[in-house]
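Shown below: data.txt, with compact mmCIF, C-alpha atoms.
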# COMPACT_ATOMS: atom_id res chain seq x y z
CA MET A 1 -35.27 170.84 10.89
CA GLN A 2 -32.48 172.85 9.26
CA SER A 3 -30.15 171.45 6.65
CA GLY A 4 -26.80 172.29 5.15
CA PRO A 5 -23.37 173.12 6.59
CA HIS A 6 -24.01 176.86 6.88
CA GLN A 7 -27.04 176.78 9.15
CA LYS A 8 -27.08 178.75 12.41
CA ASP A 9 -25.60 176.71 15.26
CA SER A 10 -26.47 178.74 18.38
CA HIS A 11 -29.08 176.15 19.42
CA LEU A 12 -26.28 173.51 19.59
CA ILE A 13 -23.31 175.38 21.10
CA GLU A 14 -22.04 174.47 24.57
CA THR A 15 -19.96 177.02 26.51
CA SER A 16 -17.29 176.46 29.13
CA ILE A 17 -17.89 177.69 32.68
CA SER A 18 -14.78 176.21 34.31
CA SER A 19 -12.00 173.78 33.48
CA THR A 20 -10.01 171.44 35.74
CA GLU A 21 -6.89 169.55 34.71
CA VAL A 22 -7.42 165.88 35.62
CA TYR A 23 -4.20 164.31 34.36
CA LYS A 24 -1.00 165.36 32.61
CA GLY A 25 1.31 162.63 31.40
CA LYS A 26 3.98 162.34 28.74
CA PHE A 27 1.33 161.88 26.03
CA LEU A 28 -2.14 162.45 27.49
CA HIS A 29 -3.47 165.70 28.94
CA ALA A 30 -7.01 165.31 30.30
CA PHE A 31 -9.54 167.89 31.51
CA LYS A 32 -12.97 167.93 33.12
CA ASP A 33 -14.99 171.05 32.31
CA VAL A 34 -18.26 172.35 33.68
CA ILE A 35 -20.28 173.60 30.71
CA SER A 36 -23.53 175.36 29.96
CA LEU A 37 -25.84 173.56 27.55
CA PRO A 38 -27.87 175.45 24.93
CA ASN A 39 -30.94 175.25 27.21
CA GLY A 40 -29.02 176.82 30.13
CA ALA A 41 -28.57 173.61 32.15
CA GLN A 42 -25.09 172.68 33.37
CA THR A 43 -23.19 169.42 33.00
CA THR A 44 -19.60 168.21 32.64
CA ARG A 45 -17.43 167.18 29.71
CA GLU A 46 -14.26 165.10 30.03
CA TYR A 47 -11.76 165.25 27.19
CA VAL A 48 -8.15 164.81 26.15
CA VAL A 49 -6.13 167.65 24.61
CA HIS A 50 -3.99 166.40 21.71
CA PRO A 51 -1.42 168.37 19.66
CA GLY A 52 -2.67 166.97 16.35
CA ALA A 53 -1.18 164.47 13.96
CA VAL A 54 -0.63 163.56 10.33
CA MET A 55 -1.29 160.42 8.32
CA ILE A 56 0.37 159.61 5.02
CA ILE A 57 -1.05 157.60 2.10
CA PRO A 58 2.19 156.66 0.28
CA PHE A 59 2.20 155.28 -3.29
CA LEU A 60 5.03 153.27 -4.77
CA ASP A 61 5.76 153.81 -8.48
CA ASN A 62 3.92 150.56 -9.32
CA GLY A 63 0.75 151.88 -7.62
CA ASP A 64 1.08 149.75 -4.48
CA LEU A 65 0.57 151.33 -1.06
CA VAL A 66 3.04 151.45 1.80
CA LEU A 67 1.41 150.37 5.08
CA GLU A 68 2.54 149.40 8.55
CA ARG A 69 1.84 146.63 11.00
CA GLN A 70 2.18 147.71 14.62
CA TYR A 71 1.07 146.31 17.97
CA ARG A 72 -1.34 148.73 19.66
CA TYR A 73 -1.37 148.06 23.39
CA PRO A 74 -4.79 149.60 24.28
CA VAL A 75 -6.63 147.22 21.89
CA GLY A 76 -4.18 144.35 22.38
CA GLN A 77 -3.57 143.53 18.73
CA VAL A 78 -1.37 144.14 15.72
CA MET A 79 -3.05 146.70 13.47
CA ILE A 80 -2.58 147.49 9.78
CA GLU A 81 -2.32 151.26 9.33
CA PHE A 82 -1.07 154.02 7.10
CA PRO A 83 2.07 155.71 8.48
CA ALA A 84 1.17 158.45 10.96
CA GLY A 85 2.45 160.41 13.90
CA LYS A 86 1.80 163.35 16.17
CA LEU A 87 3.00 166.88 15.68
CA GLU A 88 5.97 168.10 17.67
CA SER A 89 5.73 171.54 19.30
CA ALA A 90 5.15 174.25 16.62
CA GLU A 91 5.86 171.75 13.82
CA ASP A 92 4.42 172.36 10.36
CA THR A 93 2.12 169.50 9.29
CA LEU A 94 3.92 168.83 5.99
CA ASN A 95 7.28 168.69 7.78
CA CYS A 96 5.72 166.30 10.28
CA ALA A 97 4.41 164.11 7.44
CA LYS A 98 7.87 164.01 5.81
CA ARG A 99 9.54 163.21 9.14
CA GLU A 100 7.08 160.48 10.11
CA LEU A 101 7.17 158.80 6.68
CA LEU A 102 10.96 158.66 6.78
CA GLU A 103 11.24 157.59 10.42
CA GLU A 104 8.57 154.89 10.30
CA THR A 105 9.02 153.47 6.78
CA GLY A 106 12.43 154.64 5.55
CA TYR A 107 10.80 156.28 2.52
CA SER A 108 11.00 159.90 1.44
CA ALA A 109 8.69 161.33 -1.22
CA LEU A 110 9.25 163.67 -4.17
CA GLU A 111 5.65 164.90 -4.30
CA TRP A 112 3.03 165.64 -1.66
CA ALA A 113 -0.66 166.54 -1.71
CA LEU A 114 -2.85 167.58 1.21
CA ALA A 115 -6.16 165.72 1.15
CA GLY A 116 -8.05 166.92 4.21
CA VAL A 117 -8.56 166.61 7.94
CA CYS A 118 -10.02 163.83 10.08
CA HIS A 119 -11.21 164.19 13.68
CA PRO A 120 -10.97 160.57 14.88
CA VAL A 121 -12.54 160.82 18.35
CA ILE A 122 -14.71 163.95 18.54
CA SER A 123 -16.54 162.80 21.66
CA TYR A 124 -13.50 162.96 23.96
CA SER A 125 -10.43 164.42 22.23
CA THR A 126 -9.27 167.58 20.46
CA GLU A 127 -7.17 165.42 18.12
CA PHE A 128 -7.15 166.21 14.41
CA ILE A 129 -5.24 164.29 11.74
CA GLU A 130 -4.19 165.89 8.46
CA ILE A 131 -4.27 163.38 5.63
CA TRP A 132 -1.41 163.64 3.12
CA PHE A 133 -0.76 161.70 -0.08
CA ALA A 134 2.86 161.00 -1.06
CA ARG A 135 4.34 159.67 -4.30
CA GLY A 136 7.71 159.41 -6.00
CA LEU A 137 8.96 157.38 -3.05
CA VAL A 138 12.68 156.89 -2.51
CA SER A 139 13.70 154.00 -0.26
CA GLY A 140 15.96 154.52 2.74
CA ALA A 141 16.40 153.26 6.30
CA GLN A 142 13.85 153.39 9.11
CA SER A 143 14.71 155.54 12.12
CA LEU A 144 12.20 154.38 14.73
CA ASP A 145 11.79 155.99 18.15
CA GLU A 146 13.10 154.11 21.18
CA GLY A 147 10.57 151.40 22.03
CA GLU A 148 8.80 151.62 18.64
CA PHE A 149 8.45 148.43 16.57
CA VAL A 150 6.94 148.81 13.09
CA GLU A 151 6.81 146.32 10.21
CA VAL A 152 6.53 147.97 6.78
CA ILE A 153 4.36 146.14 4.22
CA HIS A 154 3.19 146.81 0.66
CA ALA A 155 -0.27 146.09 -0.71
CA SER A 156 -2.12 146.71 -3.95
CA THR A 157 -5.03 149.11 -3.64
CA GLN A 158 -7.37 146.17 -4.37
CA GLN A 159 -5.86 144.17 -1.49
CA PHE A 160 -6.06 147.22 0.79
CA PHE A 161 -9.78 147.72 0.07
CA GLU A 162 -10.39 143.98 0.63
CA TRP A 163 -8.70 144.22 4.03
CA CYS A 164 -10.97 147.18 4.90
CA LYS A 165 -14.09 145.28 3.75
CA ASP A 166 -13.11 142.10 5.58
CA GLY A 167 -12.42 143.89 8.87
CA LEU A 168 -8.66 143.28 8.86
CA ILE A 169 -8.24 147.06 8.91
CA THR A 170 -10.29 148.74 11.64
CA ASP A 171 -8.10 151.75 12.48
CA ALA A 172 -10.30 154.85 12.10
CA LYS A 173 -7.70 157.10 10.49
CA THR A 174 -6.77 154.41 7.95
CA LEU A 175 -10.45 153.83 7.11
CA SER A 176 -10.82 157.59 6.65
CA GLY A 177 -7.81 157.42 4.33
CA ALA A 178 -9.56 154.64 2.41
CA LEU A 179 -12.45 157.02 1.69
CA TRP A 180 -10.04 159.59 0.32
CA LEU A 181 -8.12 156.99 -1.65
CA GLN A 182 -11.25 155.53 -3.22
CA ASN A 183 -12.49 158.95 -4.33
CA VAL A 184 -9.10 160.09 -5.64
CA LEU A 185 -8.62 156.87 -7.63
CA SER A 186 -12.12 157.15 -9.11
CA GLY A 187 -11.47 160.75 -10.18
CA ALA A 188 -14.31 162.07 -8.01
CA TRP A 189 -11.89 164.05 -5.82
CA SER A 190 -8.72 165.76 -7.03
CA LEU A 191 -5.41 166.49 -5.36
CA ASP A 192 -3.02 169.42 -5.80
CA TRP A 193 0.39 167.75 -5.97
CA LYS A 194 3.48 169.80 -5.03
CA ARG A 195 7.18 169.02 -5.09

Step by step, read the file and then write its structure as structure tokens.
Amino acid sequence: MQSGPHQKDSHLIETSISSTEVYKGKFLHAFKDVISLPNGAQTTREYVVHPGAVMIIPFLDNGDLVLERQYRYPVGQVMIEFPAGKLESAEDTLNCAKRELLEETGYSALEWALAGVCHPVISYSTEFIEIWFARGLVSGAQSLDEGEFVEVIHASTQQFFEWCKDGLITDAKTLSGALWLQNVLSGAWSLDWKR
């Protein structure tokens, strides 16, 4: 058994033989590929191509977090989440984060810090989500997309972590954000804030 992130991966790599587009909609773009496994056998992989997204962990001056409540049709329930949204064509991730925070919550931020990247569904999607922290929030008006309904809420970090522990927050990207938030608040991980 090998250990560490820099080990040789050739014994794990799968290679594409052919690719077939299965579905192309307004949001989803699905493929079914024939691939070669590391042992030479062939099988198929089905996956969704996604342009990528951002998620924002916004802090009010009093230390509270800005969150959203939104009905998510596929799971049939209202979810508590950090603000997030997908990248537009050729859009810079920081510009996307600024746009999504303003559109969904009405807030703009004076300072931003990139935390890291989350791959929420590695088994069937190319989606990545850049996690951004925002502070120095300035309140404004929401500018939601047509057909988008979002309730903005505030919570203390203690309340937020309780909601995660109690299963009130189950959204994968928000739980990933909780890991970052916990480590930043404890001083274990640092951020490089920029105006």

Handout entry: Residue neighbourhood Leu175 in chain A, 8 Å, all atoms listed in the file, exclusion window fewer than 5 positions, as a PyMOL selection string
Key = chain A and resi 164+169-170

Handout entry: Distance criterion (all atoms listed in the file): nearest to Trp112 in chain A out of A:Ile17, A:Leu191, A:Val34, A:Val22
Key =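 Using all atoms listed in the file, Trp112 in chain A sits closest to A:Leu191.
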
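Each of A:Leu37, A:Val121, A:Leu168, A:Leu114 was compared to Gln77 in chain A using all atoms listed in the file, and A:Leu168 turns out to be the nearest.
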
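The nearest approach to Gly52 in chain A among the residues A:Ile131, A:Ile13, A:Val152, A:Leu185, with all atoms listed in the file taken into account, belongs to A:Ile131.
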
Exercise for the section: Point out the residue among A:Tyr124, A:Ala84, A:Phe149, A:Ile129 with the least atom-to-atom distance to Leu102 in chain A, counting all atoms listed in the file. Expected result: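 For Leu102 in chain A, the nearest of the candidates is A:Ala84.
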
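Between CA of Gly187 in chain A and CA of Cys96 in chain A there is a distance of 27.3 Å.
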
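In this structure, CA of Gly63 in chain A sits 7.0 Å away from CA of Ser156 in chain A.
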
Problem - Length of the CA of Glu151 in chain A to CA of Pro58 in chain A vector [Å] - result: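 Pair CA of Glu151 in chain A / CA of Pro58 in chain A returns 15.1 Å.
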
Completion exercise
Asp9 in chain A proximity check over A:Pro83, A:Pro38, A:Ala155, A:Glu21, using only C-alpha atoms: winner is A:Pro38

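Among the candidates A:Leu179, A:Leu87, A:Lys173, A:Phe59, the one nearest to Cys118 in chain A when counting all atoms listed in the file is A:Lys173.
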
Exercise for the section: List the neighbours of Glu104 in chain A out to 7 Å using all atoms listed in the file; skip same-chain residues closer than 6 positions along the sequence, and give me the result as a VMD selection string. Expected result: chain A and resid 83 142 to 144 150

Padding of 6 Å on every side, edges along x, y and z, all listed atoms of range 45-50 of chain A included: what centre and edge lengths in Å, to one decimal, does that box have, as AutoDock Vina command-line options?
--center_x -10.7 --center_y 166.2 --center_z 25.9 --size_x 25.4 --size_y 14.8 --size_z 20.3

Exercise for the section: Please provide as a PyMOL selection string all residues within 12 Å of Asn62 in chain A, with the sequence filter that same-chain residues fewer than 6 positions apart are discarded (counting only C-alpha atoms). Expected result: chain A and resi 135-137+154-157

Residues within 12 Å of Asp92 in chain A, all atoms listed in the file, excluding chain neighbours under 5 positions, as an mmCIF file with C-alpha atoms, keeping the file's coordinate frame:
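Below is the file result-v5.cif, written as the result:
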data_model
loop_
_atom_site.group_PDB
_atom_site.id
_atom_site.type_symbol
_atom_site.label_atom_id
_atom_site.label_comp_id
_atom_site.auth_asym_id
_atom_site.auth_seq_id
_atom_site.Cartn_x
_atom_site.Cartn_y
_atom_site.Cartn_z
ATOM 1 C CA PRO A 51 -1.420 168.370 19.660
ATOM 2 C CA GLY A 52 -2.670 166.970 16.350
ATOM 3 C CA ALA A 53 -1.180 164.470 13.960
ATOM 4 C CA VAL A 54 -0.630 163.560 10.330
ATOM 5 C CA LYS A 86 1.800 163.350 16.170
ATOM 6 C CA LEU A 87 3.000 166.880 15.680
ATOM 7 C CA ALA A 97 4.410 164.110 7.440
ATOM 8 C CA LYS A 98 7.870 164.010 5.810
ATOM 9 C CA ARG A 99 9.540 163.210 9.140
ATOM 10 C CA GLU A 130 -4.190 165.890 8.460
#

Would you fill the gaps in range 148-181 of chain A so it has N, CA and C atoms, then print it as a PDB file, keeping the file's coordinate frame?
ATOM      1  N   GLU A 148       9.775 151.700  19.739  1.00  0.00           N
ATOM      2  CA  GLU A 148       8.800 151.620  18.640  1.00  0.00           C
ATOM      3  C   GLU A 148       9.188 150.456  17.725  1.00  0.00           C
ATOM      4  N   PHE A 149       8.219 149.602  17.414  1.00  0.00           N
ATOM      5  CA  PHE A 149       8.450 148.430  16.570  1.00  0.00           C
ATOM      6  C   PHE A 149       7.400 148.437  15.460  1.00  0.00           C
ATOM      7  N   VAL A 150       7.837 148.657  14.226  1.00  0.00           N
ATOM      8  CA  VAL A 150       6.940 148.810  13.090  1.00  0.00           C
ATOM      9  C   VAL A 150       7.426 147.922  11.947  1.00  0.00           C
ATOM     10  N   GLU A 151       6.521 147.124  11.400  1.00  0.00           N
ATOM     11  CA  GLU A 151       6.810 146.320  10.210  1.00  0.00           C
ATOM     12  C   GLU A 151       6.195 147.019   9.003  1.00  0.00           C
ATOM     13  N   VAL A 152       7.004 147.315   7.997  1.00  0.00           N
ATOM     14  CA  VAL A 152       6.530 147.970   6.780  1.00  0.00           C
ATOM     15  C   VAL A 152       6.084 146.895   5.786  1.00  0.00           C
ATOM     16  N   ILE A 153       4.885 147.083   5.215  1.00  0.00           N
ATOM     17  CA  ILE A 153       4.360 146.140   4.220  1.00  0.00           C
ATOM     18  C   ILE A 153       3.866 146.923   3.006  1.00  0.00           C
ATOM     19  N   HIS A 154       3.739 146.234   1.889  1.00  0.00           N
ATOM     20  CA  HIS A 154       3.190 146.810   0.660  1.00  0.00           C
ATOM     21  C   HIS A 154       1.934 146.034   0.298  1.00  0.00           C
ATOM     22  N   ALA A 155       0.969 146.741  -0.279  1.00  0.00           N
ATOM     23  CA  ALA A 155      -0.270 146.090  -0.710  1.00  0.00           C
ATOM     24  C   ALA A 155      -0.809 146.822  -1.932  1.00  0.00           C
ATOM     25  N   SER A 156      -1.413 146.079  -2.836  1.00  0.00           N
ATOM     26  CA  SER A 156      -2.120 146.710  -3.950  1.00  0.00           C
ATOM     27  C   SER A 156      -3.329 147.448  -3.383  1.00  0.00           C
ATOM     28  N   THR A 157      -3.836 148.411  -4.121  1.00  0.00           N
ATOM     29  CA  THR A 157      -5.030 149.110  -3.640  1.00  0.00           C
ATOM     30  C   THR A 157      -6.201 148.137  -3.525  1.00  0.00           C
ATOM     31  N   GLN A 158      -6.289 147.167  -4.438  1.00  0.00           N
ATOM     32  CA  GLN A 158      -7.370 146.170  -4.370  1.00  0.00           C
ATOM     33  C   GLN A 158      -7.270 145.371  -3.071  1.00  0.00           C
ATOM     34  N   GLN A 159      -6.049 144.935  -2.728  1.00  0.00           N
ATOM     35  CA  GLN A 159      -5.860 144.170  -1.490  1.00  0.00           C
ATOM     36  C   GLN A 159      -6.199 145.033  -0.276  1.00  0.00           C
ATOM     37  N   PHE A 160      -5.779 146.296  -0.302  1.00  0.00           N
ATOM     38  CA  PHE A 160      -6.060 147.220   0.790  1.00  0.00           C
ATOM     39  C   PHE A 160      -7.568 147.364   1.009  1.00  0.00           C
ATOM     40  N   PHE A 161      -8.326 147.572  -0.065  1.00  0.00           N
ATOM     41  CA  PHE A 161      -9.780 147.720   0.070  1.00  0.00           C
ATOM     42  C   PHE A 161     -10.427 146.410   0.547  1.00  0.00           C
ATOM     43  N   GLU A 162      -9.889 145.278   0.141  1.00  0.00           N
ATOM     44  CA  GLU A 162     -10.390 143.980   0.630  1.00  0.00           C
ATOM     45  C   GLU A 162     -10.171 143.868   2.142  1.00  0.00           C
ATOM     46  N   TRP A 163      -8.990 144.272   2.601  1.00  0.00           N
ATOM     47  CA  TRP A 163      -8.700 144.220   4.030  1.00  0.00           C
ATOM     48  C   TRP A 163      -9.663 145.116   4.811  1.00  0.00           C
ATOM     49  N   CYS A 164      -9.999 146.281   4.252  1.00  0.00           N
ATOM     50  CA  CYS A 164     -10.970 147.180   4.900  1.00  0.00           C
ATOM     51  C   CYS A 164     -12.341 146.503   4.954  1.00  0.00           C
ATOM     52  N   LYS A 165     -12.768 145.934   3.828  1.00  0.00           N
ATOM     53  CA  LYS A 165     -14.090 145.280   3.750  1.00  0.00           C
ATOM     54  C   LYS A 165     -14.178 144.092   4.691  1.00  0.00           C
ATOM     55  N   ASP A 166     -13.102 143.321   4.779  1.00  0.00           N
ATOM     56  CA  ASP A 166     -13.110 142.100   5.580  1.00  0.00           C
ATOM     57  C   ASP A 166     -12.867 142.338   7.069  1.00  0.00           C
ATOM     58  N   GLY A 167     -12.631 143.584   7.459  1.00  0.00           N
ATOM     59  CA  GLY A 167     -12.420 143.890   8.870  1.00  0.00           C
ATOM     60  C   GLY A 167     -11.009 143.637   9.362  1.00  0.00           C
ATOM     61  N   LEU A 168     -10.065 143.415   8.453  1.00  0.00           N
ATOM     62  CA  LEU A 168      -8.660 143.280   8.860  1.00  0.00           C
ATOM     63  C   LEU A 168      -8.066 144.642   9.188  1.00  0.00           C
ATOM     64  N   ILE A 169      -8.615 145.690   8.578  1.00  0.00           N
ATOM     65  CA  ILE A 169      -8.240 147.060   8.910  1.00  0.00           C
ATOM     66  C   ILE A 169      -9.433 147.698   9.605  1.00  0.00           C
ATOM     67  N   THR A 170      -9.218 148.091  10.863  1.00  0.00           N
ATOM     68  CA  THR A 170     -10.290 148.740  11.640  1.00  0.00           C
ATOM     69  C   THR A 170      -9.855 150.086  12.208  1.00  0.00           C
ATOM     70  N   ASP A 171      -8.610 150.468  11.994  1.00  0.00           N
ATOM     71  CA  ASP A 171      -8.100 151.750  12.480  1.00  0.00           C
ATOM     72  C   ASP A 171      -8.864 152.891  11.813  1.00  0.00           C
ATOM     73  N   ALA A 172      -9.423 153.799  12.618  1.00  0.00           N
ATOM     74  CA  ALA A 172     -10.300 154.850  12.100  1.00  0.00           C
ATOM     75  C   ALA A 172      -9.607 155.775  11.112  1.00  0.00           C
ATOM     76  N   LYS A 173      -8.370 156.176  11.397  1.00  0.00           N
ATOM     77  CA  LYS A 173      -7.700 157.100  10.490  1.00  0.00           C
ATOM     78  C   LYS A 173      -7.398 156.431   9.153  1.00  0.00           C
ATOM     79  N   THR A 174      -7.060 155.135   9.190  1.00  0.00           N
ATOM     80  CA  THR A 174      -6.770 154.410   7.950  1.00  0.00           C
ATOM     81  C   THR A 174      -8.051 154.210   7.144  1.00  0.00           C
ATOM     82  N   LEU A 175      -9.166 153.949   7.816  1.00  0.00           N
ATOM     83  CA  LEU A 175     -10.450 153.830   7.110  1.00  0.00           C
ATOM     84  C   LEU A 175     -10.857 155.175   6.510  1.00  0.00           C
ATOM     85  N   SER A 176     -10.567 156.270   7.206  1.00  0.00           N
ATOM     86  CA  SER A 176     -10.820 157.590   6.650  1.00  0.00           C
ATOM     87  C   SER A 176      -9.949 157.810   5.414  1.00  0.00           C
ATOM     88  N   GLY A 177      -8.705 157.350   5.492  1.00  0.00           N
ATOM     89  CA  GLY A 177      -7.810 157.420   4.330  1.00  0.00           C
ATOM     90  C   GLY A 177      -8.331 156.601   3.166  1.00  0.00           C
ATOM     91  N   ALA A 178      -8.989 155.479   3.472  1.00  0.00           N
ATOM     92  CA  ALA A 178      -9.560 154.640   2.410  1.00  0.00           C
ATOM     93  C   ALA A 178     -10.638 155.396   1.642  1.00  0.00           C
ATOM     94  N   LEU A 179     -11.433 156.199   2.357  1.00  0.00           N
ATOM     95  CA  LEU A 179     -12.450 157.020   1.690  1.00  0.00           C
ATOM     96  C   LEU A 179     -11.797 157.992   0.722  1.00  0.00           C
ATOM     97  N   TRP A 180     -10.755 158.671   1.197  1.00  0.00           N
ATOM     98  CA  TRP A 180     -10.040 159.590   0.320  1.00  0.00           C
ATOM     99  C   TRP A 180      -9.439 158.864  -0.877  1.00  0.00           C
ATOM    100  N   LEU A 181      -8.780 157.747  -0.599  1.00  0.00           N
ATOM    101  CA  LEU A 181      -8.120 156.990  -1.650  1.00  0.00           C
ATOM    102  C   LEU A 181      -9.106 156.533  -2.721  1.00  0.00           C
TER     103      LEU A 181
END
